[in-house]
Amino acid sequence: MCLKPAANACAEGRQARLRCNINIRLNNMAASIEGNDKGEIRSEVDVSAVMEFAKLNKTEIHPTTQCVKFGTHLENGAFKLIELNSDMVDNLKAGHRLVIRGSKTDEAVLCTANKSYCLKEVDISNSLILVPDLIYPDQLKQQEAILHREVTSVLHTYFELRPCKPRLKKLKALLEENTYNGLLCENDTDHQGKKYTFEELLDIVQASEEELKGGLEMLQACFIDGYYRVLDFDFHQRVLTNVLQLIDENEWSLNSAPLQHCYMYLDELFMRCIIKHVLVCYSTSNDDQKETYSLSEDKICRFFAELLLKYTEKFNFKDFMESWQQSVPNGLKTHLSQLEGLALINRKCQPEIISYFPLSELSEDVNERFNCLFKTQERWTLDEITPYIRDCVVEKMNVPGLLTKHARMSVQNGIKMYTSKKPLF
């Protein structure tokens, strides 16, 4: 659903106090004005009577009077009001679209080109009246005239917009319907799920265009033959391992891996778009004419940590650290910061245990997220819990704000610890 600029003007009860002489005609007042018993059209005499009743001086108001009356048939269900912030108004004036996304079972989300907002219906005690032909004071001509305007709708609710995070969990589920495992597997029965173009994903996923692009990058989705696909984990590992082995065998610098040479050696094994995609996922471009890439130590070490943990789930922490360092290419150094949002370390048991606990598997709902975290581990330090709630931060709610709302803080041995504020379900 697309929202476009509307020419209609909405006047609230408080606007009657403005000196723009908008006269709201009520049935019980009309009966008191001589010569206007039917309450249809006000004459100059009627207007003067109302002004006298309201103790208004003619010189204090605009010479053009707009008389507002209620129409015979009110279309109260024909319109919905949405309160827009200044950025959205500017977007509409510039010709950009605001799009409401979501299926029938989803909570409605309104998206600009780069942000998402939840739509919440709010009840109000005052009546909001919709007057399509109403003219604002700065647009009125400086001449005496009586204009008649008709109210078409009376509303008692409007939609409020609250900043929210993009709903990328659905994106992950859609892409996992048909993961890519190489050309030879494309006709397998396990790889016949639906494939999605960017436009199809944009229609389904509750995210702005910019947020969707960010989600595809976060999930390391690859653009293959017009569709976005996530690589099967084992296939992904096979491609990355071949690239790293090639760099090692040719003694190339980890800061200068040549893309064209990777094509030349690996062309027979993988499509070029796959080779470049994996190289880009774990490096940054040097922006030189030779198309070389500088490998990211953190990203590569993190991948091999996940490779060790994914199928074992729990690991002796000391053994894991030794195996992890041995698994990464020479010259790369592993450290615990690379495990943020991927694994938990239980230092209370002997020997210490590390377990696979990826952020990507947690719910997007904040209440469910905190419930899962505190069921998994009763007490958290700030450093431990931050990687698992950082993605829940919105404009008006940072990490400390989230913890204040959903957790109880205590100090143990000089360290701040966070526990659940609510009963776990």
# chains A, B, ... in the order shown; residues from 1 in each chain; ligands from 1

call {"tool": "residues_around", "arguments": {"residues": "region 82-85 of chain A", "least_positions_apart": "2", "cutoff": "8 Å", "atoms": "only C-alpha atoms", "output": "NGL selection string"}}
result
:A and (80 or 87-89 or 158-161)

call {"tool": "residues_around", "arguments": {"residues": "Val154 (chain A)", "least_positions_apart": "6", "cutoff": "12 Å", "atoms": "only C-alpha atoms", "output": "PyMOL selection string"}}
result
chain A and resi 10-13+69-71+73-81+124+126-131

call {"tool": "write_last_selection", "arguments": {"atoms": "C-alpha atoms", "output": "CSV table (one decimal), in the first residue's frame"}}
result
chain,number,residue,atom,x,y,z
A,10,CYS,CA,-8.1,18.2,8.8
A,11,ALA,CA,-9.2,20.7,11.4
A,12,GLU,CA,-9.3,19.9,15.2
A,13,GLY,CA,-11.5,21.5,17.8
A,69,LYS,CA,-21.3,22.3,8.1
A,70,PHE,CA,-21.7,18.6,8.4
A,71,GLY,CA,-22.7,16.7,5.2
A,73,HIS,CA,-23.8,11.3,4.6
A,74,LEU,CA,-20.6,11.1,6.6
A,75,GLU,CA,-18.0,8.7,5.3
A,76,ASN,CA,-16.2,8.0,8.6
A,77,GLY,CA,-14.7,4.7,7.4
A,78,ALA,CA,-13.5,6.0,4.1
A,79,PHE,CA,-10.3,7.6,5.5
A,80,LYS,CA,-7.5,6.8,7.9
A,81,LEU,CA,-5.3,9.4,9.5
A,124,ILE,CA,-8.5,10.3,21.0
A,126,ASN,CA,-11.6,15.0,20.6
A,127,SER,CA,-13.2,14.6,17.2
A,128,LEU,CA,-11.1,15.1,14.1
A,129,ILE,CA,-13.1,16.4,11.2
A,130,LEU,CA,-12.1,16.1,7.6
A,131,VAL,CA,-13.0,19.1,5.4

call {"tool": "residues_around", "arguments": {"residues": "region 190-207 of chain A", "least_positions_apart": "3", "cutoff": "6 Å", "atoms": "only C-alpha atoms", "output": "PyMOL selection string"}}
result
chain A and resi 101-102+166-167+177-178+186+211-212+227

call {"tool": "atom_distance", "arguments": {"atom1": "CA of Ser86 (chain A)", "atom2": "CA of Lys120 (chain A)"}}
result
18.3 Å

call {"tool": "residues_around", "arguments": {"residues": "region 301-306 of chain A", "least_positions_apart": "6", "cutoff": "7 Å", "atoms": "only C-alpha atoms", "output": "list in words"}}
result
Trp324, Ser327, Val328, Thr334, Gln338 and Leu339 of chain A

call {"tool": "residues_around", "arguments": {"residues": "Ser410 (chain A)", "least_positions_apart": "3", "cutoff": "12 Å", "atoms": "only C-alpha atoms", "output": "ChimeraX atom specification"}}
result
/A:379-382,403-404,407,413-421

call {"tool": "atom_distance", "arguments": {"atom1": "CA of Leu269 (chain A)", "atom2": "CA of Leu174 (chain A)"}}
result
27.0 Å

call {"tool": "closest_residue", "arguments": {"among": "A:Phe374, A:Tyr136, A:Tyr180, A:Tyr388", "to": "Asp234 (chain A)", "atoms": "only C-alpha atoms"}}
result
A:Tyr180

call {"tool": "closest_residue", "arguments": {"among": "A:Phe320, A:Phe235, A:Phe425, A:Tyr311", "to": "Cys372 (chain A)", "atoms": "only C-alpha atoms"}}
result
A:Phe425

call {"tool": "residues_around", "arguments": {"residues": "Leu175 (chain A)", "least_positions_apart": "3", "cutoff": "7 Å", "atoms": "only C-alpha atoms", "output": "PDB file with all heavy atoms, in the first residue's frame"}}
result
ATOM      1  N   LEU A 171      13.079 -12.647   6.182  1.00  0.00           N
ATOM      2  CA  LEU A 171      14.035 -12.684   5.069  1.00  0.00           C
ATOM      3  C   LEU A 171      14.903 -13.928   5.155  1.00  0.00           C
ATOM      4  O   LEU A 171      15.121 -14.620   4.154  1.00  0.00           O
ATOM      5  CB  LEU A 171      14.904 -11.425   5.099  1.00  0.00           C
ATOM      6  CG  LEU A 171      16.050 -11.363   4.083  1.00  0.00           C
ATOM      7  CD1 LEU A 171      15.521 -11.384   2.665  1.00  0.00           C
ATOM      8  CD2 LEU A 171      16.909 -10.120   4.317  1.00  0.00           C
ATOM      9  N   LYS A 172      15.396 -14.225   6.331  1.00  0.00           N
ATOM     10  CA  LYS A 172      16.238 -15.411   6.542  1.00  0.00           C
ATOM     11  C   LYS A 172      15.462 -16.684   6.190  1.00  0.00           C
ATOM     12  O   LYS A 172      15.982 -17.581   5.510  1.00  0.00           O
ATOM     13  CB  LYS A 172      16.717 -15.462   7.988  1.00  0.00           C
ATOM     14  CG  LYS A 172      17.661 -16.607   8.330  1.00  0.00           C
ATOM     15  CD  LYS A 172      18.168 -16.438   9.754  1.00  0.00           C
ATOM     16  CE  LYS A 172      19.189 -17.513  10.115  1.00  0.00           C
ATOM     17  NZ  LYS A 172      18.574 -18.861  10.264  1.00  0.00           N
ATOM     18  N   ASN A 178      15.541 -22.283  -0.308  1.00  0.00           N
ATOM     19  CA  ASN A 178      16.309 -22.896  -1.400  1.00  0.00           C
ATOM     20  C   ASN A 178      17.743 -22.374  -1.336  1.00  0.00           C
ATOM     21  O   ASN A 178      18.117 -21.445  -2.035  1.00  0.00           O
ATOM     22  CB  ASN A 178      15.668 -22.551  -2.751  1.00  0.00           C
ATOM     23  CG  ASN A 178      16.232 -23.383  -3.887  1.00  0.00           C
ATOM     24  OD1 ASN A 178      17.268 -24.038  -3.746  1.00  0.00           O
ATOM     25  ND2 ASN A 178      15.568 -23.345  -5.024  1.00  0.00           N
ATOM     26  N   THR A 179      18.558 -22.985  -0.477  1.00  0.00           N
ATOM     27  CA  THR A 179      19.959 -22.577  -0.358  1.00  0.00           C
ATOM     28  C   THR A 179      20.750 -23.072  -1.567  1.00  0.00           C
ATOM     29  O   THR A 179      20.370 -24.045  -2.229  1.00  0.00           O
ATOM     30  CB  THR A 179      20.589 -23.146   0.927  1.00  0.00           C
ATOM     31  OG1 THR A 179      20.492 -24.574   0.904  1.00  0.00           O
ATOM     32  CG2 THR A 179      19.885 -22.600   2.158  1.00  0.00           C
ATOM     33  N   ARG A 229      20.401 -15.671  -3.124  1.00  0.00           N
ATOM     34  CA  ARG A 229      20.466 -17.001  -2.500  1.00  0.00           C
ATOM     35  C   ARG A 229      21.501 -16.974  -1.372  1.00  0.00           C
ATOM     36  O   ARG A 229      22.537 -16.305  -1.471  1.00  0.00           O
ATOM     37  CB  ARG A 229      20.922 -18.048  -3.534  1.00  0.00           C
ATOM     38  CG  ARG A 229      20.219 -18.003  -4.895  1.00  0.00           C
ATOM     39  CD  ARG A 229      18.940 -18.760  -4.904  1.00  0.00           C
ATOM     40  NE  ARG A 229      19.112 -20.171  -4.628  1.00  0.00           N
ATOM     41  CZ  ARG A 229      19.441 -21.086  -5.558  1.00  0.00           C
ATOM     42  NH1 ARG A 229      19.660 -20.705  -6.821  1.00  0.00           N
ATOM     43  NH2 ARG A 229      19.529 -22.364  -5.245  1.00  0.00           N
ATOM     44  N   VAL A 230      21.221 -17.690  -0.300  1.00  0.00           N
ATOM     45  CA  VAL A 230      22.251 -17.909   0.714  1.00  0.00           C
ATOM     46  C   VAL A 230      22.939 -19.222   0.403  1.00  0.00           C
ATOM     47  O   VAL A 230      22.311 -20.187  -0.050  1.00  0.00           O
ATOM     48  CB  VAL A 230      21.663 -17.932   2.149  1.00  0.00           C
ATOM     49  CG1 VAL A 230      21.206 -16.563   2.566  1.00  0.00           C
ATOM     50  CG2 VAL A 230      20.535 -18.942   2.270  1.00  0.00           C
TER      51      VAL A 230
END

call {"tool": "atom_distance", "arguments": {"atom1": "CA of Ala257 (chain A)", "atom2": "CA of Ala343 (chain A)"}}
result
29.7 Å

call {"tool": "decode", "arguments": {"residues": "region 125-170 of chain A", "atoms": "N, CA and C atoms", "output": "CSV table (one decimal), in the first residue's frame"}}
result
chain,number,residue,atom,x,y,z
A,125,SER,N,-9.9,11.6,22.5
A,125,SER,CA,-11.2,12.1,23.0
A,125,SER,C,-11.8,13.1,22.1
A,126,ASN,N,-11.0,14.0,21.5
A,126,ASN,CA,-11.6,15.0,20.6
A,126,ASN,C,-11.9,14.4,19.2
A,127,SER,N,-12.9,15.0,18.6
A,127,SER,CA,-13.2,14.6,17.2
A,127,SER,C,-12.3,15.3,16.2
A,128,LEU,N,-11.9,14.5,15.2
A,128,LEU,CA,-11.1,15.1,14.1
A,128,LEU,C,-12.0,15.1,12.9
A,129,ILE,N,-12.2,16.3,12.3
A,129,ILE,CA,-13.1,16.4,11.2
A,129,ILE,C,-12.3,16.6,9.9
A,130,LEU,N,-12.8,16.0,8.9
A,130,LEU,CA,-12.1,16.1,7.6
A,130,LEU,C,-12.9,17.0,6.7
A,131,VAL,N,-12.3,18.1,6.2
A,131,VAL,CA,-13.0,19.1,5.4
A,131,VAL,C,-12.1,19.2,4.1
A,132,PRO,N,-12.5,18.5,3.0
A,132,PRO,CA,-11.7,18.5,1.8
A,132,PRO,C,-11.3,19.8,1.2
A,133,ASP,N,-12.3,20.8,1.2
A,133,ASP,CA,-12.1,22.0,0.5
A,133,ASP,C,-11.7,23.2,1.4
A,134,LEU,N,-11.3,22.9,2.6
A,134,LEU,CA,-10.9,24.0,3.5
A,134,LEU,C,-9.6,24.6,3.1
A,135,ILE,N,-9.6,25.9,3.1
A,135,ILE,CA,-8.4,26.7,2.7
A,135,ILE,C,-7.7,27.3,4.0
A,136,TYR,N,-6.4,27.1,4.0
A,136,TYR,CA,-5.7,27.7,5.2
A,136,TYR,C,-5.5,29.2,5.1
A,137,PRO,N,-5.4,29.9,6.2
A,137,PRO,CA,-5.4,31.4,6.2
A,137,PRO,C,-4.4,32.0,5.2
A,138,ASP,N,-3.2,31.4,5.2
A,138,ASP,CA,-2.2,32.0,4.3
A,138,ASP,C,-2.5,31.9,2.8
A,139,GLN,N,-3.5,31.1,2.5
A,139,GLN,CA,-3.9,30.9,1.1
A,139,GLN,C,-5.1,31.6,0.7
A,140,LEU,N,-5.8,32.3,1.7
A,140,LEU,CA,-7.0,33.0,1.4
A,140,LEU,C,-6.7,34.4,0.8
A,141,LYS,N,-7.6,34.8,-0.1
A,141,LYS,CA,-7.4,36.1,-0.7
A,141,LYS,C,-8.0,37.2,0.3
A,142,GLN,N,-7.4,38.4,0.2
A,142,GLN,CA,-7.7,39.5,1.1
A,142,GLN,C,-9.0,40.2,0.5
A,143,GLN,N,-10.1,39.5,0.6
A,143,GLN,CA,-11.4,40.1,0.1
A,143,GLN,C,-12.5,39.5,0.9
A,144,GLU,N,-13.6,40.3,1.1
A,144,GLU,CA,-14.7,39.8,1.9
A,144,GLU,C,-15.5,38.8,1.0
A,145,ALA,N,-15.7,37.7,1.7
A,145,ALA,CA,-16.4,36.6,1.0
A,145,ALA,C,-16.9,35.6,2.0
A,146,ILE,N,-17.9,34.9,1.7
A,146,ILE,CA,-18.4,33.8,2.6
A,146,ILE,C,-18.3,32.5,1.7
A,147,LEU,N,-17.5,31.6,2.2
A,147,LEU,CA,-17.3,30.3,1.5
A,147,LEU,C,-17.9,29.2,2.4
A,148,HIS,N,-18.6,28.3,1.7
A,148,HIS,CA,-19.2,27.2,2.4
A,148,HIS,C,-18.5,25.9,2.2
A,149,ARG,N,-18.1,25.2,3.3
A,149,ARG,CA,-17.3,24.0,3.3
A,149,ARG,C,-18.1,22.9,4.0
A,150,GLU,N,-17.9,21.6,3.5
A,150,GLU,CA,-18.7,20.5,4.1
A,150,GLU,C,-17.8,19.5,4.7
A,151,VAL,N,-18.2,19.1,5.9
A,151,VAL,CA,-17.4,18.0,6.6
A,151,VAL,C,-17.8,16.7,6.0
A,152,THR,N,-16.8,15.9,5.6
A,152,THR,CA,-17.2,14.6,5.0
A,152,THR,C,-16.9,13.4,5.9
A,153,SER,N,-16.1,13.6,7.0
A,153,SER,CA,-15.8,12.5,7.9
A,153,SER,C,-15.5,13.1,9.3
A,154,VAL,N,-15.9,12.3,10.3
A,154,VAL,CA,-15.6,12.6,11.7
A,154,VAL,C,-14.9,11.4,12.2
A,155,LEU,N,-13.6,11.6,12.7
A,155,LEU,CA,-12.8,10.4,13.1
A,155,LEU,C,-12.4,10.6,14.6
A,156,HIS,N,-12.2,9.4,15.2
A,156,HIS,CA,-11.9,9.4,16.7
A,156,HIS,C,-10.6,8.6,16.9
A,157,THR,N,-9.9,8.2,15.8
A,157,THR,CA,-8.7,7.5,15.9
A,157,THR,C,-7.7,8.0,14.9
A,158,TYR,N,-6.4,7.7,15.1
A,158,TYR,CA,-5.4,8.0,14.1
A,158,TYR,C,-4.3,7.0,14.3
A,159,PHE,N,-3.4,6.9,13.3
A,159,PHE,CA,-2.3,5.9,13.4
A,159,PHE,C,-1.0,6.7,13.8
A,160,GLU,N,-0.4,6.2,14.8
A,160,GLU,CA,0.8,6.8,15.3
A,160,GLU,C,2.0,6.0,14.8
A,161,LEU,N,3.1,6.6,14.4
A,161,LEU,CA,4.3,5.9,13.9
A,161,LEU,C,5.3,5.8,15.0
A,162,ARG,N,5.8,4.6,15.2
A,162,ARG,CA,6.9,4.4,16.2
A,162,ARG,C,8.1,3.7,15.5
A,163,PRO,N,9.3,4.2,15.6
A,163,PRO,CA,10.4,3.6,15.0
A,163,PRO,C,10.6,2.2,15.4
A,164,CYS,N,10.9,1.3,14.4
A,164,CYS,CA,11.1,-0.1,14.7
A,164,CYS,C,12.2,-0.6,13.9
A,165,LYS,N,12.7,-1.8,14.3
A,165,LYS,CA,13.8,-2.5,13.5
A,165,LYS,C,13.1,-3.2,12.3
A,166,PRO,N,13.8,-3.4,11.2
A,166,PRO,CA,13.3,-4.2,10.1
A,166,PRO,C,13.1,-5.6,10.5
A,167,ARG,N,12.0,-6.2,10.0
A,167,ARG,CA,11.7,-7.6,10.3
A,167,ARG,C,12.4,-8.6,9.4
A,168,LEU,N,13.7,-8.8,9.7
A,168,LEU,CA,14.6,-9.6,8.8
A,168,LEU,C,14.5,-11.1,9.1
A,169,LYS,N,13.8,-11.5,10.2
A,169,LYS,CA,13.7,-13.0,10.4
A,169,LYS,C,13.0,-13.6,9.3
A,170,LYS,N,12.0,-13.0,8.7
A,170,LYS,CA,11.3,-13.5,7.6
A,170,LYS,C,12.2,-13.6,6.4
